[in-house]
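Below you'll find the structure, written out as structure tokens, and then a few comments.
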Amino acid sequence: MSAASPPPRPLPQSPEYARLLHHLRVEAQWRDLPGGRCLVQSRRFGPLGHVSLISRGPVTAAPQAALDGLRALAATCPGPLVVNAPALDADGLRDAGFWPLLTPATVGLVRLGAQPQMRARLKAKWRNRLRRAEAAGLQVTLRPLPDRHWLLEAEARQQKARRYRGAPPDLWTVYNRVNPGQALVVEAQRGSEPLAAGLFLLHNTTATYQISVTLPEGRAASAMTLILWQAMTALAARGMHWLDLGTLDTVHAPGLAHFKLGTGAQAKTLGGTWLHLPWLAPVARRLPTALCH
């Protein structure tokens, strides 16, 4: 990371996401921690009562001091606190009374910048697919997400067909309403026929690759490769420093992970998901180190 590039800020720790939550009347507040702050969401879950969540946070320049802040924050929460942490020290989280729930995920981060530099970082096979797509005569458009777009309906069908759970696609039209122009749809067409589309959410100097759908004709034309490249160049021109490609799942979705890494993305391992409960904290502090990594 260059000195001129601010660190990437995850979508769930952005003012834009906080604006979305407040619009949806989800309880969310910013809490200050040493070296930074974090957005804490709270919901009521039946017998569990109030459950607080820090997703992809805290974002801090002082990880060790942030652990002390998390310990103090946990003491003020009326119920369970779940932290989907960045790369905080696992032993430190255990010593703060947090119990490991899920092992760390890995995300792909593309550093945006000048086109020649970004193109040089592309993997060879990805670059070759991009050349073919660029020569195929496809039309690529970029515009703010409208209230109705075929991508949203196709994503809902795709979730059902592939049996994965994602956010309701219509949620992102609300994101664009409360953050005007900050949800961009990039679409590839041949003539009037759509081939593929991707949705990118802008927040501060980072953008998140949120959803995408490629139709069979689009796969044959490497349309999504062209979409992602055009998005990278357009986002860089808008002053974005980072593109967050989301989770790299090499076990259940190795093809998608390989596609994302072909952009020259850096693989960044997060810190896992941790739970703090007052009555469980003393037990968590005694967990063997091997269970926390």
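Chain identifiers are assigned as A, B, and so on, following the order in which chains appear in the structure tokens; residues are numbered from 1 within each chain, and ligands are numbered from 1 in order of appearance.
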
All residues 10 Å or closer to Met232 in chain A, only C-alpha atoms, same chain fewer than 6 positions away omitted, as an MDAnalysis selection string: chainID A and resid 110:115 118 207 226 238 240:243 263

Next, write the just-selected residues to a file, as a PDB file, in the first residue's frame, keeping C-alpha atoms as the atom set.
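Generated output (part-v9.pdb):
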ATOM      1  CA  VAL A 110      -7.806  -4.536  -5.949  1.00  0.00           C
ATOM      2  CA  ARG A 111      -5.678  -1.416  -5.644  1.00  0.00           C
ATOM      3  CA  LEU A 112      -7.010   1.058  -8.187  1.00  0.00           C
ATOM      4  CA  GLY A 113      -4.854   3.542 -10.059  1.00  0.00           C
ATOM      5  CA  ALA A 114      -3.529   4.354 -13.489  1.00  0.00           C
ATOM      6  CA  GLN A 115      -4.662   2.002 -16.272  1.00  0.00           C
ATOM      7  CA  MET A 118      -3.633  -1.988 -13.206  1.00  0.00           C
ATOM      8  CA  ALA A 207     -16.009   0.389  -3.860  1.00  0.00           C
ATOM      9  CA  LEU A 226     -14.783  -6.647 -19.609  1.00  0.00           C
ATOM     10  CA  ARG A 238     -13.757   8.805  -9.833  1.00  0.00           C
ATOM     11  CA  MET A 240     -11.649   5.411  -5.687  1.00  0.00           C
ATOM     12  CA  HIS A 241      -8.508   3.778  -4.264  1.00  0.00           C
ATOM     13  CA  TRP A 242      -9.752   0.222  -3.661  1.00  0.00           C
ATOM     14  CA  LEU A 243     -12.188  -2.309  -5.070  1.00  0.00           C
ATOM     15  CA  THR A 263      -7.566  -8.999 -11.585  1.00  0.00           C
TER      16      THR A 263
END

All strand (DSSP E or B) residues (DSSP, backbone) inside range 43-166 of chain A, as an NGL selection string: :A and (43-45 or 49-55 or 59-60 or 81-84 or 98-102 or 106-111 or 139-144)

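Minimum atom-to-atom distances from A:Leu275, A:Val140, A:Ile227, A:Ala124 to Ala85 in chain A were compared using only C-alpha atoms, and the lowest value belongs to A:Leu275.
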
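The space separating CA of Thr103 in chain A from CA of Gly57 in chain A comes to 15.6 Å.
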
Residues at most 7 Å from Glu217 in chain A, counting only C-alpha atoms, excluding those fewer than 3 positions away in the same chain, as a compact mmCIF listing (two decimals) with C-alpha atoms, in the first residue's frame?
# COMPACT_ATOMS: atom_id res chain seq x y z
CA LEU A 195 -25.04 -10.21 -21.77
CA ALA A 220 -18.91 -17.11 -24.21
CA ALA A 221 -17.85 -13.50 -24.83

Write out as a tab-separated table (two decimals) with N, CA and C atoms, in the first residue's frame each polymer residue whose atoms come within 8 Å of Phe200 in chain A, counting only C-alpha atoms; drop sequence neighbours fewer than 5 positions from it.
chain	number	residue	atom	x	y	z
A	183	ALA	N	-24.54	3.68	-6.04
A	183	ALA	CA	-24.70	2.29	-6.48
A	183	ALA	C	-24.69	2.31	-8.00
A	184	LEU	N	-23.65	1.74	-8.59
A	184	LEU	CA	-23.46	1.81	-10.04
A	184	LEU	C	-23.64	0.44	-10.66
A	185	VAL	N	-24.42	0.38	-11.74
A	185	VAL	CA	-24.57	-0.87	-12.47
A	185	VAL	C	-23.78	-0.74	-13.78
A	186	VAL	N	-22.94	-1.73	-14.02
A	186	VAL	CA	-22.13	-1.78	-15.24
A	186	VAL	C	-22.66	-2.95	-16.07
A	207	ALA	N	-14.79	0.89	-3.22
A	207	ALA	CA	-16.01	0.39	-3.86
A	207	ALA	C	-16.09	-1.11	-3.60
A	208	THR	N	-17.30	-1.63	-3.52
A	208	THR	CA	-17.53	-3.05	-3.28
A	208	THR	C	-18.26	-3.67	-4.47
A	209	TYR	N	-17.70	-4.76	-4.96
A	209	TYR	CA	-18.31	-5.56	-6.04
A	209	TYR	C	-19.38	-6.41	-5.37
A	210	GLN	N	-20.66	-6.02	-5.53
A	210	GLN	CA	-21.71	-6.60	-4.69
A	210	GLN	C	-22.39	-7.81	-5.32
A	211	ILE	N	-22.93	-7.67	-6.51
A	211	ILE	CA	-23.59	-8.79	-7.18
A	211	ILE	C	-23.28	-8.73	-8.67

Contacts of Ala196 in chain A within 6 Å, only C-alpha atoms, excl. fewer than 6 positions in-chain, as a PyMOL selection string: chain A and resi 187-188+213-215+218

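With only C-alpha atoms as the atoms that count, the minimum distance from Tyr164 in chain A to the choices A:Leu228, A:Val83, A:Ala253, A:Leu24 is reached by A:Ala253.
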
d(CA of Ala197 in chain A, CA of Asp170 in chain A) in Å: 15.3 Å

Leu145 in chain A surroundings by only C-alpha atoms, 10 Å radius, close-in-sequence under 4 positions cut, as number ranges by chain: A: 149, 151-152, 172-177, 180-186, 199-201

Write the selection just made, keeping C-alpha atoms, as a PDB file, in the first residue's frame?
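Contents of again.pdb, as written:
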ATOM      1  CA  HIS A 149     -33.183  -3.439 -13.494  1.00  0.00           C
ATOM      2  CA  LEU A 151     -29.856  -7.600 -12.847  1.00  0.00           C
ATOM      3  CA  LEU A 152     -31.842  -7.479  -9.591  1.00  0.00           C
ATOM      4  CA  TRP A 172     -29.364  -1.985  -3.138  1.00  0.00           C
ATOM      5  CA  THR A 173     -31.949   0.272  -4.782  1.00  0.00           C
ATOM      6  CA  VAL A 174     -32.594   1.612  -1.281  1.00  0.00           C
ATOM      7  CA  TYR A 175     -28.823   2.071  -0.842  1.00  0.00           C
ATOM      8  CA  ASN A 176     -28.784   4.195  -3.987  1.00  0.00           C
ATOM      9  CA  ARG A 177     -31.777   6.231  -2.828  1.00  0.00           C
ATOM     10  CA  PRO A 180     -27.577   9.059  -4.565  1.00  0.00           C
ATOM     11  CA  GLY A 181     -25.310   7.872  -7.359  1.00  0.00           C
ATOM     12  CA  GLN A 182     -23.312   5.563  -5.081  1.00  0.00           C
ATOM     13  CA  ALA A 183     -24.703   2.286  -6.484  1.00  0.00           C
ATOM     14  CA  LEU A 184     -23.461   1.812 -10.042  1.00  0.00           C
ATOM     15  CA  VAL A 185     -24.570  -0.870 -12.474  1.00  0.00           C
ATOM     16  CA  VAL A 186     -22.132  -1.780 -15.242  1.00  0.00           C
ATOM     17  CA  LEU A 199     -23.346  -3.868  -9.264  1.00  0.00           C
ATOM     18  CA  PHE A 200     -20.729  -1.780  -7.470  1.00  0.00           C
ATOM     19  CA  LEU A 201     -21.389   0.124  -4.241  1.00  0.00           C
TER      20      LEU A 201
END

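CA of Met224 in chain A sits 7.8 Å away from CA of Gly198 in chain A.
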
All residues 6 Å or closer to Ser42 in chain A, only C-alpha atoms, same chain fewer than 2 positions away omitted, as a VMD selection string: chain A and resid 27 51 to 52

Could those selected residues go to a file with N, CA and C atoms, as a PDB file, in the first residue's frame?
ATOM      1  N   GLU A  27     -31.224  -0.378  14.366  1.00  0.00           N
ATOM      2  CA  GLU A  27     -30.440   0.344  15.374  1.00  0.00           C
ATOM      3  C   GLU A  27     -28.952   0.208  15.055  1.00  0.00           C
ATOM      4  N   VAL A  51     -28.840  -8.444  20.371  1.00  0.00           N
ATOM      5  CA  VAL A  51     -27.562  -8.946  19.862  1.00  0.00           C
ATOM      6  C   VAL A  51     -26.898  -7.816  19.080  1.00  0.00           C
ATOM      7  N   SER A  52     -25.659  -7.500  19.431  1.00  0.00           N
ATOM      8  CA  SER A  52     -24.909  -6.439  18.761  1.00  0.00           C
ATOM      9  C   SER A  52     -23.894  -7.062  17.809  1.00  0.00           C
TER      10      SER A  52
END
